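Structure, as structure tokens:
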Amino acid sequence: MEKRENGQERTEGVSREAFLEMYREMGISREVLDFAGGILEELAGRFQDIDKMAEYNQLKVLRAMQRRRVSEAHFAATSGYGYNDMGRDTLEEVYADVFHTEAALVRPQITCGTHALTVALHGNLRPGDELLSISGKPYDTLEEVIGIRPSSGSLAEYGITYRQVDLKEDGSFDLEGIRQAISERTAMVEIQRSKGYQTRPTLSVSQIGEAIAFVKSIRPDIICMVDNCYGEFVEPLEPSDVGADMTVGSLIKNPGGGLAPIGGYIVGTKKCIQNASFRLTCPGLGQEVGANLGLIQSFYQGLFLAPTVVASALKGAIFAANLYERLGFAVVPNGQEPRHDIIQAVEFGSPEGVIAFCKGIQAASPVDSHVTPEPWAMPGYDSDVIMAAGAFVQGSSIELSADGPIKPPYAVYFQGGLTWPHAKLGILKSLQQLADEGVVSL
């Protein structure tokens, strides 16, 4: 809209020409912008629904912080043993409120999501117990934790056995297979909400709740643990709302809101959390020790921002799904399906497609945009893996990132985006890279 002030014309906002010039300077061609533009117009209504979900979850987090009377005093740094760390203890009460559980363990001493899961597993399983995964093979980095791939310190070395029931072809739980697999030795059932490096559907909270109810109808004493990584604040409910005894995740994913520089969480029953805390620190001390080391404010503020940050990542995932589906690639989930996590898989069918996509994401990053990612033998994986993540926090996958194993079906896994404009740019850069290398034709 144009206005006249003192006889001079000025234009409010930013003109289309200015946008085109800015994108040109960022390496995006008019051809790519035109291709993407029509898709974005079609997604306007979907994006409004995401904003409503973010508003609901934002209110949920705010209510928990107000209920626990969070104050400036809770941001004080502690060191040493961390006895009487008021900020740490209150943060765990906030997490328990947000996830509607009896207790929570939220610590910088938990280094990543795999570590959080390891603490939960080792803390609550004993020699002679059996762990049963009912969502198929777990994420690659858990294979050595469990002992699927032999490793020092695995559950297998402590006499804890493992079985799994694969999901059905349509991605649903195999209830009859689960019934047959549960035995007297089954002490814990593990459910992985997100797909990991698989091209299967992510599980909805509703599906998870039905599976947990089924397990409990057979053996109420079985501990049900959910790997919630990448799923927090995507839906109005969490697995802890539908019967999970433990829900586990990483703070450099969704709930850290891009501000937490490290950390993980475990929420659940008081007994499960106590057992996990005895594993994280030591028996007898548990949650009483563990200083916050001056990181506590970033944990609070990251949690506060998390619902809107997750909304930005969701918009990016949906945009990527629709864009690459339009180009003829298999995408999981597809462009129209409901979302249950922030991960978008795109199946390229060749290493060149995966690598070009990751190059584009890296080039769109605020940090190390000049770096070219290459596949490498990353610890914990059984094949070379390429990772693009020019992030403020190393390895943070709530920030714009993409990765994938260099093995069939040659799928890339895209996630994150602290802001929607950045997520949008990342997807455009990925498409531009693929076009420049001749992998796709527009």
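By order in the structure tokens, chains are A, B, ...; within a chain, residues start at 1; ligands start at 1, following the order shown.
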
**Asked** If you run DSSP on this backbone, which residues of stretch 67-122 of chain A come out as strand (DSSP E), and could you give them as a ChimeraX atom specification?
**Response** /A:103-107

**Request:** For A:Ile39, please output as a PyMOL selection string all residues within 12 Å (counting only C-alpha atoms; exclusion window: fewer than 5 positions along the same chain).
**Result:** chain A and resi 32-34+44-46+318-327+335+424

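Taking only C-alpha atoms into account, A:Asp368 lies nearest to A:Ala391 out of the set A:Val385, A:Thr111, A:Asn84, A:Ala391.
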
**Message:** With only C-alpha atoms as the counted atoms, please give the residues lying no more than 12 Å from A:Trp376, apart from itself and same-chain residues fewer than 3 positions off, as number ranges by chain.
**Reply:** A: 355, 373, 379-388, 403-406

So that I have them on file, write out the residues from the current selection with C-alpha atoms, as an mmCIF file, in the first residue's frame.
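Output below, filename again_28.cif:
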```cif
data_model
loop_
_atom_site.group_PDB
_atom_site.id
_atom_site.type_symbol
_atom_site.label_atom_id
_atom_site.label_comp_id
_atom_site.auth_asym_id
_atom_site.auth_seq_id
_atom_site.Cartn_x
_atom_site.Cartn_y
_atom_site.Cartn_z
ATOM 1 C CA ILE A 355 24.314 -35.558 -0.676
ATOM 2 C CA PRO A 373 29.166 -31.832 4.234
ATOM 3 C CA PRO A 379 30.200 -43.462 15.710
ATOM 4 C CA GLY A 380 27.111 -45.492 16.540
ATOM 5 C CA TYR A 381 26.015 -46.132 12.941
ATOM 6 C CA ASP A 382 26.500 -49.157 10.684
ATOM 7 C CA SER A 383 27.103 -47.191 7.465
ATOM 8 C CA ASP A 384 28.538 -43.865 6.369
ATOM 9 C CA VAL A 385 26.253 -40.998 7.357
ATOM 10 C CA ILE A 386 26.045 -37.462 5.975
ATOM 11 C CA MET A 387 24.913 -34.684 8.268
ATOM 12 C CA ALA A 388 24.187 -31.056 7.437
ATOM 13 C CA ASP A 403 21.040 -36.223 7.563
ATOM 14 C CA GLY A 404 20.862 -39.742 6.266
ATOM 15 C CA PRO A 405 22.753 -43.011 5.965
ATOM 16 C CA ILE A 406 24.415 -43.669 2.627
#
```

**Message:** Please list as a list in words every residue within 7 Å of stretch 163-173 of chain A, counting only C-alpha atoms and excluding residues in the same chain fewer than 3 positions away.
**Reply:** Leu131, Leu132, Ser133, Ile134, Ser135, Gly136, Lys137, Gly177, Ile178, Arg200 and Pro201 of chain A

Output N, CA and C atoms for every residue in that selection, as a PDB file, in the first residue's frame.
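Written out: result.pdb:
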```pdb
ATOM      1  N   LEU A 131      13.726 -56.836  27.470  1.00  0.00           N
ATOM      2  CA  LEU A 131      13.216 -55.609  26.854  1.00  0.00           C
ATOM      3  C   LEU A 131      12.544 -55.981  25.545  1.00  0.00           C
ATOM      4  N   LEU A 132      11.323 -55.497  25.345  1.00  0.00           N
ATOM      5  CA  LEU A 132      10.576 -55.790  24.128  1.00  0.00           C
ATOM      6  C   LEU A 132      10.253 -54.495  23.396  1.00  0.00           C
ATOM      7  N   SER A 133      10.785 -54.354  22.186  1.00  0.00           N
ATOM      8  CA  SER A 133      10.422 -53.224  21.342  1.00  0.00           C
ATOM      9  C   SER A 133       9.237 -53.636  20.488  1.00  0.00           C
ATOM     10  N   ILE A 134       8.153 -52.847  20.540  1.00  0.00           N
ATOM     11  CA  ILE A 134       6.964 -53.206  19.768  1.00  0.00           C
ATOM     12  C   ILE A 134       6.774 -52.302  18.551  1.00  0.00           C
ATOM     13  N   SER A 135       7.797 -51.483  18.264  1.00  0.00           N
ATOM     14  CA  SER A 135       7.738 -50.618  17.076  1.00  0.00           C
ATOM     15  C   SER A 135       8.869 -50.945  16.106  1.00  0.00           C
ATOM     16  N   GLY A 136       9.335 -52.194  16.161  1.00  0.00           N
ATOM     17  CA  GLY A 136      10.410 -52.623  15.268  1.00  0.00           C
ATOM     18  C   GLY A 136      11.773 -52.238  15.793  1.00  0.00           C
ATOM     19  N   LYS A 137      12.753 -52.276  14.906  1.00  0.00           N
ATOM     20  CA  LYS A 137      14.133 -51.979  15.299  1.00  0.00           C
ATOM     21  C   LYS A 137      14.253 -50.532  15.760  1.00  0.00           C
ATOM     22  N   GLY A 177       1.090 -60.161  17.396  1.00  0.00           N
ATOM     23  CA  GLY A 177       2.519 -60.420  17.575  1.00  0.00           C
ATOM     24  C   GLY A 177       3.012 -59.968  18.938  1.00  0.00           C
ATOM     25  N   ILE A 178       2.496 -58.843  19.415  1.00  0.00           N
ATOM     26  CA  ILE A 178       2.865 -58.341  20.740  1.00  0.00           C
ATOM     27  C   ILE A 178       2.394 -59.308  21.820  1.00  0.00           C
ATOM     28  N   ARG A 200       9.159 -45.549   7.595  1.00  0.00           N
ATOM     29  CA  ARG A 200       7.859 -45.976   8.092  1.00  0.00           C
ATOM     30  C   ARG A 200       7.156 -44.773   8.712  1.00  0.00           C
ATOM     31  N   PRO A 201       5.838 -44.857   8.877  1.00  0.00           N
ATOM     32  CA  PRO A 201       5.130 -43.708   9.456  1.00  0.00           C
ATOM     33  C   PRO A 201       5.544 -43.471  10.911  1.00  0.00           C
TER      34      PRO A 201
END
```

**Fill in**
Of A:Phe329, A:Tyr158, A:Tyr300, A:Phe278, the one sitting nearest A:Gly258 when using only C-alpha atoms is A:Tyr300

So which residues touch A:Gly263 within 9 Å, counting only C-alpha atoms, skipping near sequence neighbours fewer than 6 positions away, as a PDB file with C-alpha atoms, in the first residue's frame?
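Final output, saved to around-v2.pdb:
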```
ATOM      1  CA  VAL A 106      15.867 -32.840  33.476  1.00  0.00           C
ATOM      2  CA  ARG A 107      19.639 -32.429  33.558  1.00  0.00           C
ATOM      3  CA  PRO A 108      22.611 -31.025  31.646  1.00  0.00           C
ATOM      4  CA  GLN A 109      24.446 -34.179  32.756  1.00  0.00           C
ATOM      5  CA  ILE A 110      22.279 -36.071  30.243  1.00  0.00           C
ATOM      6  CA  THR A 111      24.290 -35.522  27.082  1.00  0.00           C
ATOM      7  CA  CYS A 112      21.815 -36.498  24.342  1.00  0.00           C
ATOM      8  CA  GLY A 113      18.638 -38.408  23.575  1.00  0.00           C
ATOM      9  CA  ALA A 116      18.558 -40.259  28.241  1.00  0.00           C
ATOM     10  CA  SER A 250      16.578 -34.630  24.204  1.00  0.00           C
ATOM     11  CA  LEU A 251      16.814 -30.931  24.999  1.00  0.00           C
ATOM     12  CA  ILE A 252      18.698 -30.183  21.780  1.00  0.00           C
ATOM     13  CA  GLY A 256      14.998 -27.113  24.318  1.00  0.00           C
ATOM     14  CA  PHE A 299      16.486 -24.627  29.843  1.00  0.00           C
TER      15      PHE A 299
END
```

Just the residues within 7 Å of stretch 26-28 of chain A, please, counting only C-alpha atoms, with nothing from its chain fewer than 6 positions along; format it as a CSV table (one decimal) with N, CA and C atoms, in the first residue's frame.
```
chain,number,residue,atom,x,y,z
A,428,LEU,N,14.4,-24.3,0.0
A,428,LEU,CA,14.7,-23.7,-1.4
A,428,LEU,C,16.1,-23.9,-1.8
A,429,LYS,N,17.0,-23.8,-0.8
A,429,LYS,CA,18.5,-24.1,-1.1
A,429,LYS,C,18.7,-25.5,-1.5
A,432,GLN,N,17.5,-25.9,-5.0
A,432,GLN,CA,18.4,-25.2,-5.9
A,432,GLN,C,19.7,-26.1,-6.1
```

**Request:** Run DSSP on the backbone and give me the residues of stretch 181-426 of chain A it puts in alpha helix (DSSP H), as a ChimeraX atom specification.
**Result:** /A:181,205-218,270-280,296-326,351-363,420-426

**Request:** Please provide as a count of residues only all residues within 7 Å of stretch 221-226 of chain A, with the sequence filter that same-chain residues fewer than 4 positions apart are discarded (counting only C-alpha atoms).
**Result:** 16

Within 12 Å of stretch 341-352 of chain A: each stretch 252-319 of chain A residue with its shortest pair, only C-alpha atoms, as a Markdown table:
```
| residue | atom | partner | partner_atom | distance |
| --- | --- | --- | --- | --- |
| A:Lys253 | CA | A:Ile342 | CA | 9.8 |
| A:Asn254 | CA | A:Ile342 | CA | 8.6 |
| A:Pro307 | CA | A:Ile342 | CA | 11.9 |
| A:Val309 | CA | A:Ile342 | CA | 10.7 |
| A:Val310 | CA | A:Ile342 | CA | 7.4 |
| A:Ala311 | CA | A:Ile342 | CA | 8.8 |
| A:Ser312 | CA | A:Ile342 | CA | 9.5 |
| A:Ala313 | CA | A:Ile342 | CA | 6.2 |
| A:Leu314 | CA | A:Ile342 | CA | 5.4 |
| A:Lys315 | CA | A:Ile342 | CA | 8.9 |
| A:Gly316 | CA | A:Ile342 | CA | 8.6 |
| A:Ala317 | CA | A:Gln344 | CA | 5.4 |
| A:Ile318 | CA | A:Gln344 | CA | 7.7 |
| A:Phe319 | CA | A:Gln344 | CA | 9.6 |
```

With C-alpha atoms retained, write the just-selected residues as an mmCIF file, in the first residue's frame.
```
data_model
loop_
_atom_site.group_PDB
_atom_site.id
_atom_site.type_symbol
_atom_site.label_atom_id
_atom_site.label_comp_id
_atom_site.auth_asym_id
_atom_site.auth_seq_id
_atom_site.Cartn_x
_atom_site.Cartn_y
_atom_site.Cartn_z
ATOM 1 C CA LYS A 253 15.582 -31.299 19.969
ATOM 2 C CA ASN A 254 12.054 -29.945 20.432
ATOM 3 C CA PRO A 307 5.925 -24.684 21.066
ATOM 4 C CA VAL A 309 9.850 -23.171 17.467
ATOM 5 C CA VAL A 310 8.297 -26.598 16.848
ATOM 6 C CA ALA A 311 5.572 -24.886 14.799
ATOM 7 C CA SER A 312 8.238 -23.351 12.541
ATOM 8 C CA ALA A 313 9.884 -26.741 12.087
ATOM 9 C CA LEU A 314 6.524 -28.327 11.274
ATOM 10 C CA LYS A 315 5.817 -25.747 8.581
ATOM 11 C CA GLY A 316 9.200 -26.507 7.046
ATOM 12 C CA ALA A 317 8.555 -30.257 7.101
ATOM 13 C CA ILE A 318 5.148 -29.877 5.454
ATOM 14 C CA PHE A 319 6.563 -27.532 2.817
#
```

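You will find atom CA of A:Ser277 at 21.2 Å from atom CA of A:Glu157.
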
**Fill in**
Using only C-alpha atoms, the shortest atom-to-atom distance to A:Ala411 among A:Ala423, A:Val331, A:Met378, A:Met22 belongs to A:Val331

**Complete:** Taken to one decimal, the atom CA of A:Lys195-atom CA of A:Ile218 distance is 26.1 Å

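Distances from A:Ala260, A:Ala213, A:Ile266, A:Leu305 to A:Asn228 were compared using only C-alpha atoms, and the smallest one belongs to A:Ile266.
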
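In this model, the gap between atom CA of A:Cys358 and atom CA of A:His422 comes to 15.0 Å.
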